[in-house]
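Text of protein.pdb (PDB, N, CA and C atoms, pLDDT in the B column) as supplied:
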```
ATOM      1  N   MET A   1     -15.511  13.415 -13.681  1.00 47.00           N
ATOM      2  CA  MET A   1     -14.192  13.257 -14.265  1.00 47.00           C
ATOM      3  C   MET A   1     -13.177  13.119 -13.143  1.00 47.00           C
ATOM      4  N   SER A   2     -12.392  12.073 -13.203  1.00 59.00           N
ATOM      5  CA  SER A   2     -11.398  11.783 -12.177  1.00 59.00           C
ATOM      6  C   SER A   2     -10.023  12.246 -12.637  1.00 59.00           C
ATOM      7  N   GLU A   3      -9.413  13.086 -11.836  1.00 71.00           N
ATOM      8  CA  GLU A   3      -8.079  13.574 -12.167  1.00 71.00           C
ATOM      9  C   GLU A   3      -7.049  12.657 -11.524  1.00 71.00           C
ATOM     10  N   ASN A   4      -6.109  12.190 -12.312  1.00 79.00           N
ATOM     11  CA  ASN A   4      -5.078  11.312 -11.788  1.00 79.00           C
ATOM     12  C   ASN A   4      -3.904  12.157 -11.316  1.00 79.00           C
ATOM     13  N   ILE A   5      -3.636  12.117 -10.027  1.00 91.00           N
ATOM     14  CA  ILE A   5      -2.574  12.953  -9.468  1.00 91.00           C
ATOM     15  C   ILE A   5      -1.232  12.235  -9.411  1.00 91.00           C
ATOM     16  N   PHE A   6      -1.199  10.963  -9.801  1.00 93.00           N
ATOM     17  CA  PHE A   6       0.034  10.193  -9.752  1.00 93.00           C
ATOM     18  C   PHE A   6       0.574   9.928 -11.154  1.00 93.00           C
ATOM     19  N   THR A   7       1.879  10.066 -11.296  1.00 94.00           N
ATOM     20  CA  THR A   7       2.523   9.725 -12.559  1.00 94.00           C
ATOM     21  C   THR A   7       2.631   8.206 -12.658  1.00 94.00           C
ATOM     22  N   ASP A   8       2.930   7.716 -13.840  1.00 94.00           N
ATOM     23  CA  ASP A   8       3.123   6.275 -14.010  1.00 94.00           C
ATOM     24  C   ASP A   8       4.275   5.780 -13.143  1.00 94.00           C
ATOM     25  N   ASP A   9       5.331   6.573 -13.026  1.00 97.00           N
ATOM     26  CA  ASP A   9       6.467   6.184 -12.179  1.00 97.00           C
ATOM     27  C   ASP A   9       6.056   6.090 -10.708  1.00 97.00           C
ATOM     28  N   GLN A  10       5.252   7.030 -10.258  1.00 96.00           N
ATOM     29  CA  GLN A  10       4.791   7.001  -8.868  1.00 96.00           C
ATOM     30  C   GLN A  10       3.886   5.796  -8.616  1.00 96.00           C
ATOM     31  N   LYS A  11       3.037   5.492  -9.581  1.00 95.00           N
ATOM     32  CA  LYS A  11       2.190   4.306  -9.453  1.00 95.00           C
ATOM     33  C   LYS A  11       3.046   3.052  -9.343  1.00 95.00           C
ATOM     34  N   GLN A  12       4.091   2.987 -10.153  1.00 97.00           N
ATOM     35  CA  GLN A  12       4.963   1.819 -10.115  1.00 97.00           C
ATOM     36  C   GLN A  12       5.702   1.729  -8.786  1.00 97.00           C
ATOM     37  N   GLU A  13       6.106   2.853  -8.235  1.00 97.00           N
ATOM     38  CA  GLU A  13       6.765   2.854  -6.928  1.00 97.00           C
ATOM     39  C   GLU A  13       5.830   2.307  -5.851  1.00 97.00           C
ATOM     40  N   ILE A  14       4.561   2.652  -5.921  1.00 97.00           N
ATOM     41  CA  ILE A  14       3.590   2.139  -4.956  1.00 97.00           C
ATOM     42  C   ILE A  14       3.414   0.639  -5.145  1.00 97.00           C
ATOM     43  N   ARG A  15       3.289   0.201  -6.387  1.00 97.00           N
ATOM     44  CA  ARG A  15       3.176  -1.243  -6.658  1.00 97.00           C
ATOM     45  C   ARG A  15       4.404  -1.987  -6.143  1.00 97.00           C
ATOM     46  N   ASP A  16       5.586  -1.437  -6.403  1.00 98.00           N
ATOM     47  CA  ASP A  16       6.828  -2.070  -5.948  1.00 98.00           C
ATOM     48  C   ASP A  16       6.875  -2.167  -4.426  1.00 98.00           C
ATOM     49  N   ALA A  17       6.458  -1.106  -3.754  1.00 97.00           N
ATOM     50  CA  ALA A  17       6.450  -1.108  -2.287  1.00 97.00           C
ATOM     51  C   ALA A  17       5.505  -2.184  -1.756  1.00 97.00           C
ATOM     52  N   LEU A  18       4.343  -2.327  -2.380  1.00 97.00           N
ATOM     53  CA  LEU A  18       3.392  -3.346  -1.949  1.00 97.00           C
ATOM     54  C   LEU A  18       3.940  -4.754  -2.184  1.00 97.00           C
ATOM     55  N   GLU A  19       4.696  -4.930  -3.250  1.00 98.00           N
ATOM     56  CA  GLU A  19       5.283  -6.240  -3.544  1.00 98.00           C
ATOM     57  C   GLU A  19       6.385  -6.613  -2.556  1.00 98.00           C
ATOM     58  N   MET A  20       6.920  -5.645  -1.846  1.00 98.00           N
ATOM     59  CA  MET A  20       7.992  -5.907  -0.882  1.00 98.00           C
ATOM     60  C   MET A  20       7.468  -6.420   0.460  1.00 98.00           C
ATOM     61  N   GLU A  21       6.158  -6.492   0.607  1.00 97.00           N
ATOM     62  CA  GLU A  21       5.599  -6.913   1.896  1.00 97.00           C
ATOM     63  C   GLU A  21       6.136  -8.272   2.339  1.00 97.00           C
ATOM     64  N   LYS A  22       6.069  -9.262   1.485  1.00 98.00           N
ATOM     65  CA  LYS A  22       6.470 -10.615   1.890  1.00 98.00           C
ATOM     66  C   LYS A  22       7.938 -10.676   2.310  1.00 98.00           C
ATOM     67  N   PRO A  23       8.882 -10.159   1.507  1.00 98.00           N
ATOM     68  CA  PRO A  23      10.282 -10.228   1.944  1.00 98.00           C
ATOM     69  C   PRO A  23      10.546  -9.450   3.236  1.00 98.00           C
ATOM     70  N   VAL A  24       9.874  -8.330   3.411  1.00 98.00           N
ATOM     71  CA  VAL A  24      10.081  -7.545   4.633  1.00 98.00           C
ATOM     72  C   VAL A  24       9.521  -8.297   5.834  1.00 98.00           C
ATOM     73  N   ARG A  25       8.356  -8.889   5.687  1.00 98.00           N
ATOM     74  CA  ARG A  25       7.785  -9.668   6.797  1.00 98.00           C
ATOM     75  C   ARG A  25       8.691 -10.853   7.143  1.00 98.00           C
ATOM     76  N   GLU A  26       9.283 -11.477   6.134  1.00 98.00           N
ATOM     77  CA  GLU A  26      10.204 -12.587   6.395  1.00 98.00           C
ATOM     78  C   GLU A  26      11.425 -12.109   7.182  1.00 98.00           C
ATOM     79  N   LEU A  27      11.950 -10.939   6.837  1.00 98.00           N
ATOM     80  CA  LEU A  27      13.081 -10.385   7.584  1.00 98.00           C
ATOM     81  C   LEU A  27      12.691 -10.061   9.019  1.00 98.00           C
ATOM     82  N   LEU A  28      11.513  -9.514   9.204  1.00 98.00           N
ATOM     83  CA  LEU A  28      11.052  -9.213  10.559  1.00 98.00           C
ATOM     84  C   LEU A  28      10.879 -10.490  11.377  1.00 98.00           C
ATOM     85  N   THR A  29      10.408 -11.546  10.749  1.00 98.00           N
ATOM     86  CA  THR A  29      10.271 -12.832  11.437  1.00 98.00           C
ATOM     87  C   THR A  29      11.635 -13.351  11.864  1.00 98.00           C
ATOM     88  N   ARG A  30      12.605 -13.262  10.982  1.00 98.00           N
ATOM     89  CA  ARG A  30      13.967 -13.703  11.324  1.00 98.00           C
ATOM     90  C   ARG A  30      14.547 -12.868  12.457  1.00 98.00           C
ATOM     91  N   ALA A  31      14.313 -11.569  12.406  1.00 98.00           N
ATOM     92  CA  ALA A  31      14.816 -10.691  13.465  1.00 98.00           C
ATOM     93  C   ALA A  31      14.171 -11.047  14.799  1.00 98.00           C
ATOM     94  N   LYS A  32      12.875 -11.331  14.767  1.00 97.00           N
ATOM     95  CA  LYS A  32      12.170 -11.708  15.995  1.00 97.00           C
ATOM     96  C   LYS A  32      12.719 -13.028  16.539  1.00 97.00           C
ATOM     97  N   GLN A  33      12.986 -13.977  15.648  1.00 98.00           N
ATOM     98  CA  GLN A  33      13.546 -15.259  16.068  1.00 98.00           C
ATOM     99  C   GLN A  33      14.936 -15.090  16.679  1.00 98.00           C
ATOM    100  N   ALA A  34      15.632 -14.045  16.255  1.00 98.00           N
ATOM    101  CA  ALA A  34      16.965 -13.765  16.791  1.00 98.00           C
ATOM    102  C   ALA A  34      16.893 -13.010  18.116  1.00 98.00           C
ATOM    103  N   GLY A  35      15.676 -12.721  18.555  1.00 98.00           N
ATOM    104  CA  GLY A  35      15.508 -12.078  19.841  1.00 98.00           C
ATOM    105  C   GLY A  35      15.351 -10.570  19.800  1.00 98.00           C
ATOM    106  N   LEU A  36      15.217 -10.008  18.611  1.00 98.00           N
ATOM    107  CA  LEU A  36      15.046  -8.561  18.492  1.00 98.00           C
ATOM    108  C   LEU A  36      13.577  -8.180  18.647  1.00 98.00           C
ATOM    109  N   ASP A  37      13.350  -7.016  19.200  1.00 98.00           N
ATOM    110  CA  ASP A  37      11.991  -6.491  19.337  1.00 98.00           C
ATOM    111  C   ASP A  37      11.613  -5.816  18.024  1.00 98.00           C
ATOM    112  N   THR A  38      10.642  -6.382  17.335  1.00 98.00           N
ATOM    113  CA  THR A  38      10.235  -5.861  16.025  1.00 98.00           C
ATOM    114  C   THR A  38       8.834  -5.256  16.046  1.00 98.00           C
ATOM    115  N   GLU A  39       8.289  -5.069  17.225  1.00 98.00           N
ATOM    116  CA  GLU A  39       6.904  -4.604  17.335  1.00 98.00           C
ATOM    117  C   GLU A  39       6.683  -3.269  16.623  1.00 98.00           C
ATOM    118  N   LYS A  40       7.570  -2.306  16.826  1.00 98.00           N
ATOM    119  CA  LYS A  40       7.409  -0.994  16.189  1.00 98.00           C
ATOM    120  C   LYS A  40       7.519  -1.101  14.672  1.00 98.00           C
ATOM    121  N   GLN A  41       8.482  -1.879  14.199  1.00 98.00           N
ATOM    122  CA  GLN A  41       8.668  -2.031  12.755  1.00 98.00           C
ATOM    123  C   GLN A  41       7.467  -2.722  12.116  1.00 98.00           C
ATOM    124  N   GLU A  42       6.946  -3.740  12.794  1.00 98.00           N
ATOM    125  CA  GLU A  42       5.769  -4.431  12.260  1.00 98.00           C
ATOM    126  C   GLU A  42       4.567  -3.491  12.208  1.00 98.00           C
ATOM    127  N   GLY A  43       4.423  -2.673  13.220  1.00 98.00           N
ATOM    128  CA  GLY A  43       3.331  -1.700  13.241  1.00 98.00           C
ATOM    129  C   GLY A  43       3.457  -0.685  12.126  1.00 98.00           C
ATOM    130  N   ARG A  44       4.678  -0.198  11.912  1.00 98.00           N
ATOM    131  CA  ARG A  44       4.896   0.771  10.828  1.00 98.00           C
ATOM    132  C   ARG A  44       4.642   0.137   9.470  1.00 98.00           C
ATOM    133  N   LEU A  45       5.085  -1.105   9.312  1.00 98.00           N
ATOM    134  CA  LEU A  45       4.863  -1.802   8.046  1.00 98.00           C
ATOM    135  C   LEU A  45       3.369  -1.943   7.773  1.00 98.00           C
ATOM    136  N   THR A  46       2.625  -2.402   8.760  1.00 98.00           N
ATOM    137  CA  THR A  46       1.182  -2.574   8.595  1.00 98.00           C
ATOM    138  C   THR A  46       0.506  -1.250   8.259  1.00 98.00           C
ATOM    139  N   GLU A  47       0.875  -0.200   8.975  1.00 98.00           N
ATOM    140  CA  GLU A  47       0.288   1.120   8.727  1.00 98.00           C
ATOM    141  C   GLU A  47       0.616   1.621   7.320  1.00 98.00           C
ATOM    142  N   SER A  48       1.856   1.461   6.912  1.00 98.00           N
ATOM    143  CA  SER A  48       2.272   1.912   5.579  1.00 98.00           C
ATOM    144  C   SER A  48       1.549   1.147   4.482  1.00 98.00           C
ATOM    145  N   LEU A  49       1.435  -0.164   4.656  1.00 98.00           N
ATOM    146  CA  LEU A  49       0.747  -0.977   3.655  1.00 98.00           C
ATOM    147  C   LEU A  49      -0.726  -0.597   3.547  1.00 98.00           C
ATOM    148  N   GLN A  50      -1.362  -0.327   4.675  1.00 98.00           N
ATOM    149  CA  GLN A  50      -2.764   0.093   4.645  1.00 98.00           C
ATOM    150  C   GLN A  50      -2.918   1.396   3.877  1.00 98.00           C
ATOM    151  N   LYS A  51      -2.015   2.333   4.111  1.00 98.00           N
ATOM    152  CA  LYS A  51      -2.081   3.618   3.414  1.00 98.00           C
ATOM    153  C   LYS A  51      -1.846   3.444   1.918  1.00 98.00           C
ATOM    154  N   LEU A  52      -0.841   2.651   1.562  1.00 97.00           N
ATOM    155  CA  LEU A  52      -0.544   2.440   0.147  1.00 97.00           C
ATOM    156  C   LEU A  52      -1.696   1.739  -0.564  1.00 97.00           C
ATOM    157  N   ARG A  53      -2.292   0.745   0.088  1.00 97.00           N
ATOM    158  CA  ARG A  53      -3.439   0.057  -0.524  1.00 97.00           C
ATOM    159  C   ARG A  53      -4.624   1.004  -0.680  1.00 97.00           C
ATOM    160  N   GLY A  54      -4.816   1.883   0.289  1.00 97.00           N
ATOM    161  CA  GLY A  54      -5.889   2.870   0.190  1.00 97.00           C
ATOM    162  C   GLY A  54      -5.673   3.819  -0.971  1.00 97.00           C
ATOM    163  N   ILE A  55      -4.438   4.268  -1.137  1.00 95.00           N
ATOM    164  CA  ILE A  55      -4.105   5.142  -2.268  1.00 95.00           C
ATOM    165  C   ILE A  55      -4.359   4.412  -3.576  1.00 95.00           C
ATOM    166  N   GLN A  56      -3.893   3.175  -3.640  1.00 95.00           N
ATOM    167  CA  GLN A  56      -4.063   2.400  -4.867  1.00 95.00           C
ATOM    168  C   GLN A  56      -5.547   2.202  -5.185  1.00 95.00           C
ATOM    169  N   ARG A  57      -6.340   1.826  -4.198  1.00 95.00           N
ATOM    170  CA  ARG A  57      -7.786   1.622  -4.425  1.00 95.00           C
ATOM    171  C   ARG A  57      -8.471   2.907  -4.874  1.00 95.00           C
ATOM    172  N   SER A  58      -8.072   4.022  -4.289  1.00 93.00           N
ATOM    173  CA  SER A  58      -8.747   5.292  -4.568  1.00 93.00           C
ATOM    174  C   SER A  58      -8.341   5.932  -5.886  1.00 93.00           C
ATOM    175  N   PHE A  59      -7.069   5.810  -6.246  1.00 92.00           N
ATOM    176  CA  PHE A  59      -6.568   6.575  -7.383  1.00 92.00           C
ATOM    177  C   PHE A  59      -6.233   5.747  -8.621  1.00 92.00           C
ATOM    178  N   PHE A  60      -5.948   4.469  -8.446  1.00 90.00           N
ATOM    179  CA  PHE A  60      -5.731   3.629  -9.623  1.00 90.00           C
ATOM    180  C   PHE A  60      -6.114   2.187  -9.294  1.00 90.00           C
ATOM    181  N   PRO A  61      -7.421   1.960  -9.178  1.00 87.00           N
ATOM    182  CA  PRO A  61      -7.923   0.636  -8.808  1.00 87.00           C
ATOM    183  C   PRO A  61      -7.624  -0.447  -9.844  1.00 87.00           C
ATOM    184  N   GLU A  62      -7.239  -0.033 -11.026  1.00 82.00           N
ATOM    185  CA  GLU A  62      -6.909  -1.026 -12.060  1.00 82.00           C
ATOM    186  C   GLU A  62      -5.624  -1.764 -11.728  1.00 82.00           C
ATOM    187  N   GLY A  63      -4.904  -1.298 -10.726  1.00 70.00           N
ATOM    188  CA  GLY A  63      -3.695  -2.002 -10.298  1.00 70.00           C
ATOM    189  C   GLY A  63      -2.439  -1.287 -10.526  1.00 70.00           C
TER     190      GLY A  63
END
```

Would you mind writing the file out in structure tokens?
Amino acid sequence: MSENIFTDDQKQEIRDALEMEKPVRELLTRAKQAGLDTEKQEGRLTESLQKLRGIQRSFFPEG
């Protein structure tokens, strides 16, 4: 028996965060083109997305 530790609202927040990947990456690309160092932000984004996808796969793989 699998216990779901996330509320529907929390699941939606995770889905929403994952959907923000493309717009955030586009902003980081623009910032890089403007000459800003985005290496740390890109690393944090990648790390956060990996964690969120892992949570989603483990606790609500249905999406």

Fill in: All residues 9 Å or closer to segment 50-60 of chain A, only C-alpha atoms, same chain fewer than 3 positions away omitted, as JSON, numbers by chain
{"A": [2, 3, 4, 5, 6, 11, 14, 15, 17, 18, 45, 46, 47, 63]}

Discussion item. Would you compute the distance between atom N of Met20 of chain A and atom C of Asp8 of chain A? Give it in Å to one decimal.
Written reply: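 We find that atom N of Met20 of chain A and atom C of Asp8 of chain A lie 16.3 Å from each other.
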
Worksheet item: Contacts of Leu28 of chain A at 12 Å or less, counting only C-alpha atoms, minus same-chain residues fewer than 6 places along, as number ranges by chain?
Response: A: 21-22, 34-45

Write out, as an mmCIF file, in the coordinates of the input, the residues just selected, with N, CA and C atoms.
```cif
data_model
loop_
_atom_site.group_PDB
_atom_site.id
_atom_site.type_symbol
_atom_site.label_atom_id
_atom_site.label_comp_id
_atom_site.auth_asym_id
_atom_site.auth_seq_id
_atom_site.Cartn_x
_atom_site.Cartn_y
_atom_site.Cartn_z
ATOM 1 N N GLU A 21 6.158 -6.492 0.607
ATOM 2 C CA GLU A 21 5.599 -6.913 1.896
ATOM 3 C C GLU A 21 6.136 -8.272 2.339
ATOM 4 N N LYS A 22 6.069 -9.262 1.485
ATOM 5 C CA LYS A 22 6.470 -10.615 1.890
ATOM 6 C C LYS A 22 7.938 -10.676 2.310
ATOM 7 N N ALA A 34 15.632 -14.045 16.255
ATOM 8 C CA ALA A 34 16.965 -13.765 16.791
ATOM 9 C C ALA A 34 16.893 -13.010 18.116
ATOM 10 N N GLY A 35 15.676 -12.721 18.555
ATOM 11 C CA GLY A 35 15.508 -12.078 19.841
ATOM 12 C C GLY A 35 15.351 -10.570 19.800
ATOM 13 N N LEU A 36 15.217 -10.008 18.611
ATOM 14 C CA LEU A 36 15.046 -8.561 18.492
ATOM 15 C C LEU A 36 13.577 -8.180 18.647
ATOM 16 N N ASP A 37 13.350 -7.016 19.200
ATOM 17 C CA ASP A 37 11.991 -6.491 19.337
ATOM 18 C C ASP A 37 11.613 -5.816 18.024
ATOM 19 N N THR A 38 10.642 -6.382 17.335
ATOM 20 C CA THR A 38 10.235 -5.861 16.025
ATOM 21 C C THR A 38 8.834 -5.256 16.046
ATOM 22 N N GLU A 39 8.289 -5.069 17.225
ATOM 23 C CA GLU A 39 6.904 -4.604 17.335
ATOM 24 C C GLU A 39 6.683 -3.269 16.623
ATOM 25 N N LYS A 40 7.570 -2.306 16.826
ATOM 26 C CA LYS A 40 7.409 -0.994 16.189
ATOM 27 C C LYS A 40 7.519 -1.101 14.672
ATOM 28 N N GLN A 41 8.482 -1.879 14.199
ATOM 29 C CA GLN A 41 8.668 -2.031 12.755
ATOM 30 C C GLN A 41 7.467 -2.722 12.116
ATOM 31 N N GLU A 42 6.946 -3.740 12.794
ATOM 32 C CA GLU A 42 5.769 -4.431 12.260
ATOM 33 C C GLU A 42 4.567 -3.491 12.208
ATOM 34 N N GLY A 43 4.423 -2.673 13.220
ATOM 35 C CA GLY A 43 3.331 -1.700 13.241
ATOM 36 C C GLY A 43 3.457 -0.685 12.126
ATOM 37 N N ARG A 44 4.678 -0.198 11.912
ATOM 38 C CA ARG A 44 4.896 0.771 10.828
ATOM 39 C C ARG A 44 4.642 0.137 9.470
ATOM 40 N N LEU A 45 5.085 -1.105 9.312
ATOM 41 C CA LEU A 45 4.863 -1.802 8.046
ATOM 42 C C LEU A 45 3.369 -1.943 7.773
#
```

Fill in: Which of chain A fall in alpha helix (DSSP H), as number ranges by chain
A: 8-19, 21-33, 39-59
